[in-house]
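Undergrad: Contents of data_4.tsv (TSV, C-alpha atoms and all ligand atoms) are given next:
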chain	number	residue	atom	x	y	z
I	468	MET	CA	-10.56	-0.48	-95.25
I	469	TRP	CA	-12.20	-2.65	-92.58
I	470	ASN	CA	-15.67	-1.26	-92.02
I	471	GLY	CA	-16.61	-3.52	-89.19
I	472	LEU	CA	-18.91	-6.49	-89.44
I	473	ARG	CA	-21.07	-4.62	-91.93
I	474	ASP	CA	-18.55	-5.56	-94.63
I	475	ILE	CA	-19.00	-9.25	-93.96
I	476	PHE	CA	-22.74	-9.26	-93.31
I	477	HIS	CA	-23.75	-6.77	-95.94
I	478	PHE	CA	-27.24	-8.22	-96.04
I	479	ALA	CA	-27.77	-7.04	-92.50
I	480	VAL	CA	-27.59	-3.41	-93.51
I	481	LYS	CA	-30.10	-3.52	-96.32
I	482	PRO	CA	-32.91	-5.70	-95.07
I	483	ASP	CA	-36.01	-6.58	-96.98
I	484	GLY	CA	-37.48	-3.17	-97.56
I	485	MET	CA	-37.72	-2.38	-93.87
I	486	PHE	CA	-35.94	0.96	-94.05
I	487	GLU	CA	-37.83	3.84	-92.55
I	488	ILE	CA	-37.35	7.38	-93.68
I	489	GLU	CA	-34.26	8.62	-91.89
I	490	GLU	CA	-35.15	10.92	-89.07
I	491	GLY	CA	-32.39	13.24	-90.20
I	492	SER	CA	-30.71	14.12	-86.91
I	493	LEU	CA	-27.32	15.71	-87.35
I	494	GLY	CA	-24.23	14.85	-85.33
I	495	VAL	CA	-22.70	11.60	-84.13
I	496	LYS	CA	-25.45	9.19	-83.13
I	497	VAL	CA	-24.42	6.90	-80.32
I	498	LEU	CA	-26.56	3.86	-79.54
I	499	ILE	CA	-25.72	2.71	-76.00
I	500	LEU	CA	-26.19	-1.07	-75.85
I	501	GLY	CA	-25.50	-3.72	-73.27
I	502	PRO	CA	-26.98	-6.52	-71.19
I	503	ALA	CA	-29.38	-5.73	-68.34
I	504	GLY	CA	-27.81	-3.61	-65.63
I	505	SER	CA	-24.54	-3.11	-67.47
I	506	GLY	CA	-24.67	0.65	-66.82
I	507	LYS	CA	-26.28	2.03	-69.99
I	508	SER	CA	-28.42	4.72	-68.37
I	509	LEU	CA	-25.80	5.99	-65.96
I	510	LEU	CA	-23.18	6.11	-68.71
I	511	THR	CA	-25.62	7.96	-70.96
I	512	GLY	CA	-26.12	10.67	-68.35
I	513	ARG	CA	-22.55	10.97	-67.13
I	514	PHE	CA	-20.98	10.82	-70.57
I	515	ALA	CA	-23.38	13.54	-71.71
I	516	ASP	CA	-22.21	15.71	-68.78
I	517	TYR	CA	-18.61	15.00	-69.76
I	518	LEU	CA	-19.22	15.89	-73.41
I	519	ARG	CA	-20.91	19.17	-72.43
I	520	GLY	CA	-17.94	19.93	-70.20
I	521	GLU	CA	-15.72	19.47	-73.25
I	522	GLY	CA	-17.78	22.07	-75.11
I	523	TYR	CA	-19.96	19.80	-77.25
I	524	THR	CA	-23.71	20.05	-77.65
I	525	VAL	CA	-25.53	16.87	-76.67
I	526	ALA	CA	-29.06	15.49	-76.98
I	527	ILE	CA	-30.19	12.50	-74.94
I	528	ILE	CA	-32.95	10.19	-76.13
I	529	ASN	CA	-34.47	7.60	-73.82
I	530	LEU	CA	-35.65	4.58	-75.81
I	531	ASP	CA	-36.38	2.46	-72.73
I	532	PRO	CA	-40.15	2.37	-72.10
I	533	GLY	CA	-39.68	0.11	-69.07
I	534	THR	CA	-37.57	2.27	-66.83
I	535	LEU	CA	-39.03	4.14	-63.85
I	536	HIS	CA	-36.12	6.43	-63.06
I	537	LEU	CA	-33.47	7.96	-65.28
I	538	PRO	CA	-30.17	9.40	-64.04
I	539	TYR	CA	-30.40	12.24	-66.59
I	540	LYS	CA	-32.93	14.64	-68.08
I	541	PRO	CA	-33.84	13.34	-71.55
I	542	ASP	CA	-34.48	15.64	-74.50
I	543	PHE	CA	-36.89	13.02	-75.83
I	544	ASP	CA	-38.44	10.24	-73.75
I	545	ILE	CA	-40.30	7.36	-75.40
I	546	ARG	CA	-42.31	7.02	-72.17
I	547	ARG	CA	-44.25	10.08	-73.26
I	548	HIS	CA	-45.79	7.83	-75.93
I	549	PHE	CA	-46.07	4.55	-74.02
I	550	THR	CA	-44.59	2.55	-71.16
I	551	ILE	CA	-44.29	-1.17	-70.51
I	552	ARG	CA	-46.83	-0.78	-67.73
I	553	SER	CA	-49.35	1.00	-69.98
I	554	ILE	CA	-49.03	-1.70	-72.65
I	555	MET	CA	-49.36	-4.49	-70.06
I	556	GLU	CA	-52.53	-2.91	-68.71
I	557	ALA	CA	-54.06	-2.06	-72.08
I	558	GLU	CA	-53.28	-5.35	-73.81
I	559	GLY	CA	-53.19	-7.82	-70.95
I	560	LEU	CA	-49.61	-8.81	-71.76
I	561	GLY	CA	-46.78	-9.92	-69.48
I	562	PRO	CA	-43.63	-7.81	-69.19
I	563	ASN	CA	-41.75	-9.58	-72.00
I	564	GLY	CA	-44.67	-9.59	-74.43
I	565	ALA	CA	-45.21	-5.92	-73.61
I	566	MET	CA	-41.55	-5.19	-74.34
I	567	LEU	CA	-41.84	-6.84	-77.75
I	568	ARG	CA	-44.96	-4.81	-78.48
I	569	ALA	CA	-43.20	-1.70	-77.25
I	570	MET	CA	-40.28	-2.27	-79.62
I	571	ASP	CA	-42.68	-2.62	-82.55
I	572	ARG	CA	-44.32	0.64	-81.57
I	573	LEU	CA	-40.96	2.32	-81.11
I	574	ALA	CA	-39.91	1.22	-84.59
I	575	SER	CA	-42.86	3.09	-86.07
I	576	THR	CA	-42.68	6.13	-83.79
I	577	ARG	CA	-41.29	9.27	-85.38
I	578	LEU	CA	-38.41	10.53	-83.34
I	579	PRO	CA	-37.80	14.27	-83.34
I	580	ARG	CA	-34.90	15.65	-85.30
I	581	PHE	CA	-31.99	16.82	-83.18
I	582	ASP	CA	-29.13	19.03	-84.20
I	583	ALA	CA	-26.30	18.41	-81.73
I	584	ASP	CA	-22.67	17.32	-81.87
I	585	TYR	CA	-23.55	14.06	-80.12
I	586	ILE	CA	-26.93	12.36	-79.83
I	587	LEU	CA	-26.96	9.63	-77.18
I	588	TYR	CA	-29.64	6.92	-77.30
I	589	ASP	CA	-30.24	4.96	-74.08
I	590	THR	CA	-31.72	1.56	-74.92
I	591	PRO	CA	-33.95	-0.92	-73.05
I	592	GLY	CA	-32.50	-3.10	-70.34
I	593	GLN	CA	-33.51	-6.22	-72.19
I	594	LEU	CA	-31.19	-6.61	-75.14
I	595	GLU	CA	-32.99	-9.58	-76.67
I	596	PRO	CA	-36.06	-7.79	-78.11
I	597	PHE	CA	-33.65	-5.35	-79.67
I	598	LEU	CA	-31.30	-7.93	-81.15
I	599	PHE	CA	-33.53	-10.81	-82.19
I	600	HIS	CA	-36.66	-9.18	-83.53
I	601	ARG	CA	-37.32	-7.02	-86.58
I	602	ALA	CA	-37.95	-3.90	-84.55
I	603	GLY	CA	-34.38	-3.49	-83.27
I	604	ARG	CA	-32.92	-3.43	-86.76
I	605	ARG	CA	-35.58	-1.03	-87.93
I	606	ILE	CA	-34.88	1.27	-85.01
I	607	ALA	CA	-31.11	1.21	-85.64
I	608	ALA	CA	-31.72	1.88	-89.35
I	609	LYS	CA	-34.03	4.80	-88.75
I	610	LEU	CA	-31.38	6.49	-86.60
I	611	GLY	CA	-29.21	6.74	-89.71
I	612	ASP	CA	-26.00	4.75	-89.19
I	613	PRO	CA	-25.40	5.14	-85.47
I	614	CYS	CA	-22.23	4.03	-83.73
I	615	GLY	CA	-22.95	1.37	-81.12
I	616	VAL	CA	-21.29	1.49	-77.73
I	617	TYR	CA	-21.54	-1.98	-76.24
I	618	LEU	CA	-21.10	-2.12	-72.48
I	619	ILE	CA	-19.39	-5.05	-70.78
I	620	ASP	CA	-19.91	-5.09	-67.02
I	621	ALA	CA	-16.49	-5.69	-65.45
I	622	THR	CA	-18.04	-7.06	-62.26
I	623	LEU	CA	-19.56	-10.10	-63.97
I	624	PRO	CA	-17.82	-13.45	-63.51
I	625	THR	CA	-14.93	-13.95	-65.88
I	626	TRP	CA	-16.35	-17.17	-67.32
I	627	SER	CA	-19.22	-15.13	-68.78
I	628	LEU	CA	-16.90	-12.82	-70.73
I	629	PRO	CA	-16.70	-14.89	-73.96
I	630	GLY	CA	-20.50	-15.12	-74.13
I	631	ILE	CA	-20.98	-11.43	-73.41
I	632	TYR	CA	-18.43	-10.51	-76.01
I	633	LEU	CA	-20.15	-12.78	-78.53
I	634	TYR	CA	-23.31	-10.78	-77.92
I	635	SER	CA	-21.43	-7.75	-79.14
I	636	ILE	CA	-20.87	-9.53	-82.45
I	637	VAL	CA	-24.55	-10.49	-82.56
I	638	ALA	CA	-25.51	-6.88	-81.87
I	639	GLN	CA	-23.42	-5.60	-84.77
I	640	VAL	CA	-24.60	-8.26	-87.21
I	641	ASN	CA	-28.27	-8.11	-86.31
I	642	LEU	CA	-28.52	-4.35	-86.04
I	643	GLY	CA	-26.23	-3.73	-89.03
I	644	ILE	CA	-24.03	-1.27	-87.16
I	645	SER	CA	-20.43	-1.02	-85.98
I	646	ALA	CA	-19.89	-0.91	-82.25
I	647	ILE	CA	-17.19	0.11	-79.83
I	648	SER	CA	-16.86	-2.25	-76.86
I	649	VAL	CA	-16.40	-0.61	-73.47
I	650	ILE	CA	-15.68	-2.22	-70.09
I	651	THR	CA	-17.80	-0.48	-67.44
I	652	LYS	CA	-17.85	-0.19	-63.63
I	653	VAL	CA	-14.06	-0.49	-63.42
I	654	ASP	CA	-14.09	1.56	-60.20
I	655	MET	CA	-15.55	-1.55	-58.51
I	656	LEU	CA	-12.55	-3.75	-59.32
I	657	PRO	CA	-9.23	-4.11	-57.51
I	658	ASP	CA	-6.15	-2.68	-59.21
I	659	GLY	CA	-4.97	-4.68	-62.21
I	660	ARG	CA	-8.15	-6.72	-62.58
I	661	ALA	CA	-9.79	-4.41	-65.11
I	662	GLU	CA	-6.58	-4.29	-67.11
I	663	SER	CA	-6.46	-8.09	-67.32
I	664	ILE	CA	-10.05	-8.10	-68.67
I	665	ARG	CA	-9.10	-5.45	-71.19
I	666	LEU	CA	-6.10	-7.50	-72.34
I	667	ALA	CA	-8.26	-10.60	-72.67
I	668	LEU	CA	-10.90	-8.86	-74.77
I	669	SER	CA	-8.41	-6.91	-76.87
I	670	ASP	CA	-6.72	-10.18	-77.77
I	671	PRO	CA	-9.50	-12.81	-77.60
I	672	SER	CA	-7.05	-15.73	-77.66
I	673	ARG	CA	-6.36	-14.77	-74.04
I	674	LEU	CA	-9.99	-15.48	-73.15
I	675	ARG	CA	-9.14	-19.18	-73.13
I	676	ARG	CA	-7.56	-18.92	-69.72
I	677	PHE	CA	-10.92	-17.91	-68.25
I	678	LEU	CA	-12.47	-21.23	-69.28
I	679	LYS	CA	-12.90	-24.14	-66.91
I	680	ARG	CA	-11.55	-27.50	-67.99
I	681	GLY	CA	-13.77	-30.22	-69.48
I	682	VAL	CA	-16.11	-30.75	-72.39
I	683	LEU	CA	-17.72	-27.34	-72.05
I	684	ALA	CA	-14.29	-25.77	-72.20
I	685	ASP	CA	-13.89	-27.31	-75.66
I	686	LEU	CA	-17.12	-25.63	-76.70
I	687	GLY	CA	-15.89	-22.40	-75.15
I	688	THR	CA	-12.69	-22.69	-77.14
I	689	GLU	CA	-14.74	-22.96	-80.32
I	690	LEU	CA	-16.71	-19.85	-79.36
I	691	ILE	CA	-13.51	-17.94	-78.70
I	692	GLY	CA	-12.34	-19.01	-82.16
I	693	VAL	CA	-15.43	-17.30	-83.58
I	694	ILE	CA	-14.61	-14.13	-81.65
I	695	GLU	CA	-11.02	-14.21	-82.93
I	696	GLN	CA	-12.28	-14.63	-86.47
I	697	PHE	CA	-14.84	-11.85	-86.46
I	698	MET	CA	-13.68	-9.29	-83.93
I	699	PRO	CA	-10.77	-7.17	-85.10
I	700	ALA	CA	-8.11	-6.34	-82.53
I	701	GLN	CA	-9.41	-3.16	-80.98
I	702	ARG	CA	-8.88	-0.66	-78.21
I	703	ILE	CA	-11.35	-1.18	-75.41
I	704	PRO	CA	-11.73	1.70	-72.93
I	705	LEU	CA	-11.92	0.96	-69.21
I	706	VAL	CA	-14.75	3.19	-68.06
I	707	SER	CA	-16.32	4.24	-64.79
I	708	SER	CA	-19.47	6.32	-64.91
I	709	ILE	CA	-18.88	7.18	-61.26
I	710	THR	CA	-15.35	8.60	-61.58
I	711	GLY	CA	-15.39	9.50	-65.29
I	712	GLN	CA	-12.37	7.28	-65.94
I	713	GLY	CA	-12.07	6.33	-69.61
I	714	PHE	CA	-14.49	8.93	-70.98
I	715	ASP	CA	-11.64	10.66	-72.83
I	716	GLU	CA	-10.69	7.37	-74.50
I	717	LEU	CA	-14.31	6.68	-75.43
I	718	LEU	CA	-14.61	10.15	-76.92
I	719	ALA	CA	-11.43	9.61	-78.94
I	720	LEU	CA	-12.87	6.38	-80.36
I	721	LEU	CA	-16.16	8.08	-81.24
I	722	HIS	CA	-14.22	10.84	-82.91
I	723	GLU	CA	-12.36	8.25	-84.98
I	724	PHE	CA	-15.69	6.66	-85.83
I	725	LYS	CA	-16.96	10.00	-87.08
I	726	CYS	CA	-13.83	10.54	-89.17
I	727	THR	CA	-13.55	7.06	-90.64
I	728	CYS	CA	-17.21	6.03	-90.79
I	729	GLY	CA	-16.86	2.87	-88.79
I	730	ASP	CA	-13.19	1.87	-89.01
I	731	LEU	CA	-12.42	1.31	-85.33
I	732	THR	CA	-9.28	-0.79	-85.57
H	1	LIG	N1	-19.73	1.66	-59.30
H	1	LIG	C1	-20.34	1.82	-60.48
H	1	LIG	N2	-21.66	1.56	-60.59
H	1	LIG	C2	-22.24	1.74	-61.80
H	1	LIG	C3	-21.52	2.17	-62.94
H	1	LIG	N3	-22.36	2.22	-63.99
H	1	LIG	C4	-23.57	1.86	-63.50
H	1	LIG	N4	-23.50	1.57	-62.20
H	1	LIG	C5	-24.58	1.12	-61.33
H	1	LIG	O1	-25.11	-0.09	-61.86
H	1	LIG	C6	-26.53	-0.14	-61.71
H	1	LIG	C7	-27.17	-0.28	-63.09
H	1	LIG	O2	-26.88	0.89	-63.82
H	1	LIG	P1	-27.84	1.42	-64.97
H	1	LIG	O3	-27.20	2.61	-65.57
H	1	LIG	O4	-29.24	1.53	-64.48
H	1	LIG	O5	-27.74	0.18	-65.95
H	1	LIG	P2	-28.65	-0.12	-67.23
H	1	LIG	O6	-27.83	-0.95	-68.17
H	1	LIG	O7	-29.22	1.15	-67.74
H	1	LIG	O8	-29.78	-0.98	-66.56
H	1	LIG	P3	-31.14	-1.48	-67.28
H	1	LIG	O9	-31.66	-0.35	-68.14
H	1	LIG	O10	-32.05	-1.82	-66.13
H	1	LIG	O11	-30.73	-2.68	-68.07
H	1	LIG	C8	-26.91	1.16	-60.99
H	1	LIG	O12	-26.98	0.89	-59.62
H	1	LIG	C9	-25.76	2.10	-61.30
H	1	LIG	O13	-25.58	3.08	-60.30
H	1	LIG	C10	-20.11	2.42	-62.79
H	1	LIG	O14	-19.37	2.78	-63.72
H	1	LIG	N5	-19.58	2.23	-61.53
H	2	MG	MG	-31.23	1.67	-68.22
Rewrite the coordinates I just gave you, this time as structure tokens.
TA:
Amino acid sequence: MWNGLRDIFHFAVKPDGMFEIEEGSLGVKVLILGPAGSGKSLLTGRFADYLRGEGYTVAIINLDPGTLHLPYKPDFDIRRHFTIRSIMEAEGLGPNGAMLRAMDRLASTRLPRFDADYILYDTPGQLEPFLFHRAGRRIAAKLGDPCGVYLIDATLPTWSLPGIYLYSIVAQVNLGISAISVITKVDMLPDGRAESIRLALSDPSRLRRFLKRGVLADLGTELIGVIEQFMPAQRIPLVSSITGQGFDELLALLHEFKCTCGDLT
């Protein structure tokens, strides 16, 4: 059985003694990931509303110490412990240094134990501190095998799609988790456009037509080859957090994740 990238990069799951004691929350843990502004927080809130409407119990955890406003009421908010602003002021750091410090502190902060059908974790806008530093992997590990939901903003230029999709691979490898990819903000696209993005990502060989010609296109072709090699063919929901489109498909994929422990093909 294909268990996602964890099978290939086994080392990523058992790092050098960095495992924390599992926090022990019950239920399906969903780590909402994505580049800045991709719609993580709004999806967290609206998908939680949808799940409650379907009769599930839900807990929402805000792991973003930098945000000022949240479009939901969190059950746990890391900002109660620290914020980017408080770290900047206390330690004289800039916003990026403060975010790195914040991730280290988050990795050693005990999160409360939740008992809900679904536990949604909203993550910081900046993906890099999460993906490229020790803290992100420690945080993912302490959640106890969460399912990632990686958001791809449908309104971004098409030439950026291969790179954004590659980030999804990086997220899975570096955090040692499996992730469902989701295309967000589809309500902002004209008819048919979102479907063509879905087709391209579901079958990465189609991404080639988004590349411009020239030397860089050759490099892009190589990158797409990597995606083809490491990303299994998969269903990718088209989601709008405004209209609720695609939430049923996302729930079905999460349900499969729960049943098969990571086999999302
Ligand atoms: N039309 C539309 N707008 C959306 C959707 N999802 C998010 N947005 C908007 O996109 C902007 C960014 O959304 P957020 O949910 O804050 O995105 P985020 O990834 O949490 O942002 P950061 O935490 O700052 O990285 C906001 O103005 C949202 O209202 C969507 O599905 N449709
Ligand atoms: Mg956010």
Undergrad: Residues within 8 Å of ligand MG 2 (chain H) (all atoms listed in the file), as a list in words?
TA: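 The distance check yields Ala503, Gly504, Gly506, Lys507, Ser508, Leu509, Asp531, Thr534, Leu537, Asp589, Thr590, Pro591 and Gly592 of chain I.
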Undergrad: Using all atoms listed in the file, which residue out of I:Pro704, I:Gly659, I:Pro624, I:Gly559 lies closest to I:Phe677?
TA: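 Of I:Pro704, I:Gly659, I:Pro624, I:Gly559, the one nearest I:Phe677, counting all atoms listed in the file, is I:Pro624.
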Undergrad: Counting all atoms listed in the file, which protein, DNA or RNA residues come within 10 Å of ligand LIG 1 (chain H), given as a PyMOL selection string?
TA: chain I and resi 499-513+530-538+589-594+618-622+650-656+705-712
Undergrad: I:Phe597: which residues within 12 Å, counting only C-alpha atoms, same-chain residues fewer than 6 positions away excluded, as a ChimeraX atom specification?
TA: /I:498-502,530-531,563,566-571,573-574,590-591,603-607,634,637-639,641-642
Undergrad: Do you have the atom CA of I:Tyr588-atom CA of I:Thr550 distance handy?
TA: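 Atom CA of I:Tyr588 sits 16.7 Å away from atom CA of I:Thr550.
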Undergrad: Quick one: residues within 9 Å of I:Leu690, all atoms listed in the file, excluding same-chain residues fewer than 6 positions away - as a list in words?
TA: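 So, after excluding close chain neighbours, the residues are Pro629, Gly630 and Leu633 of chain I.
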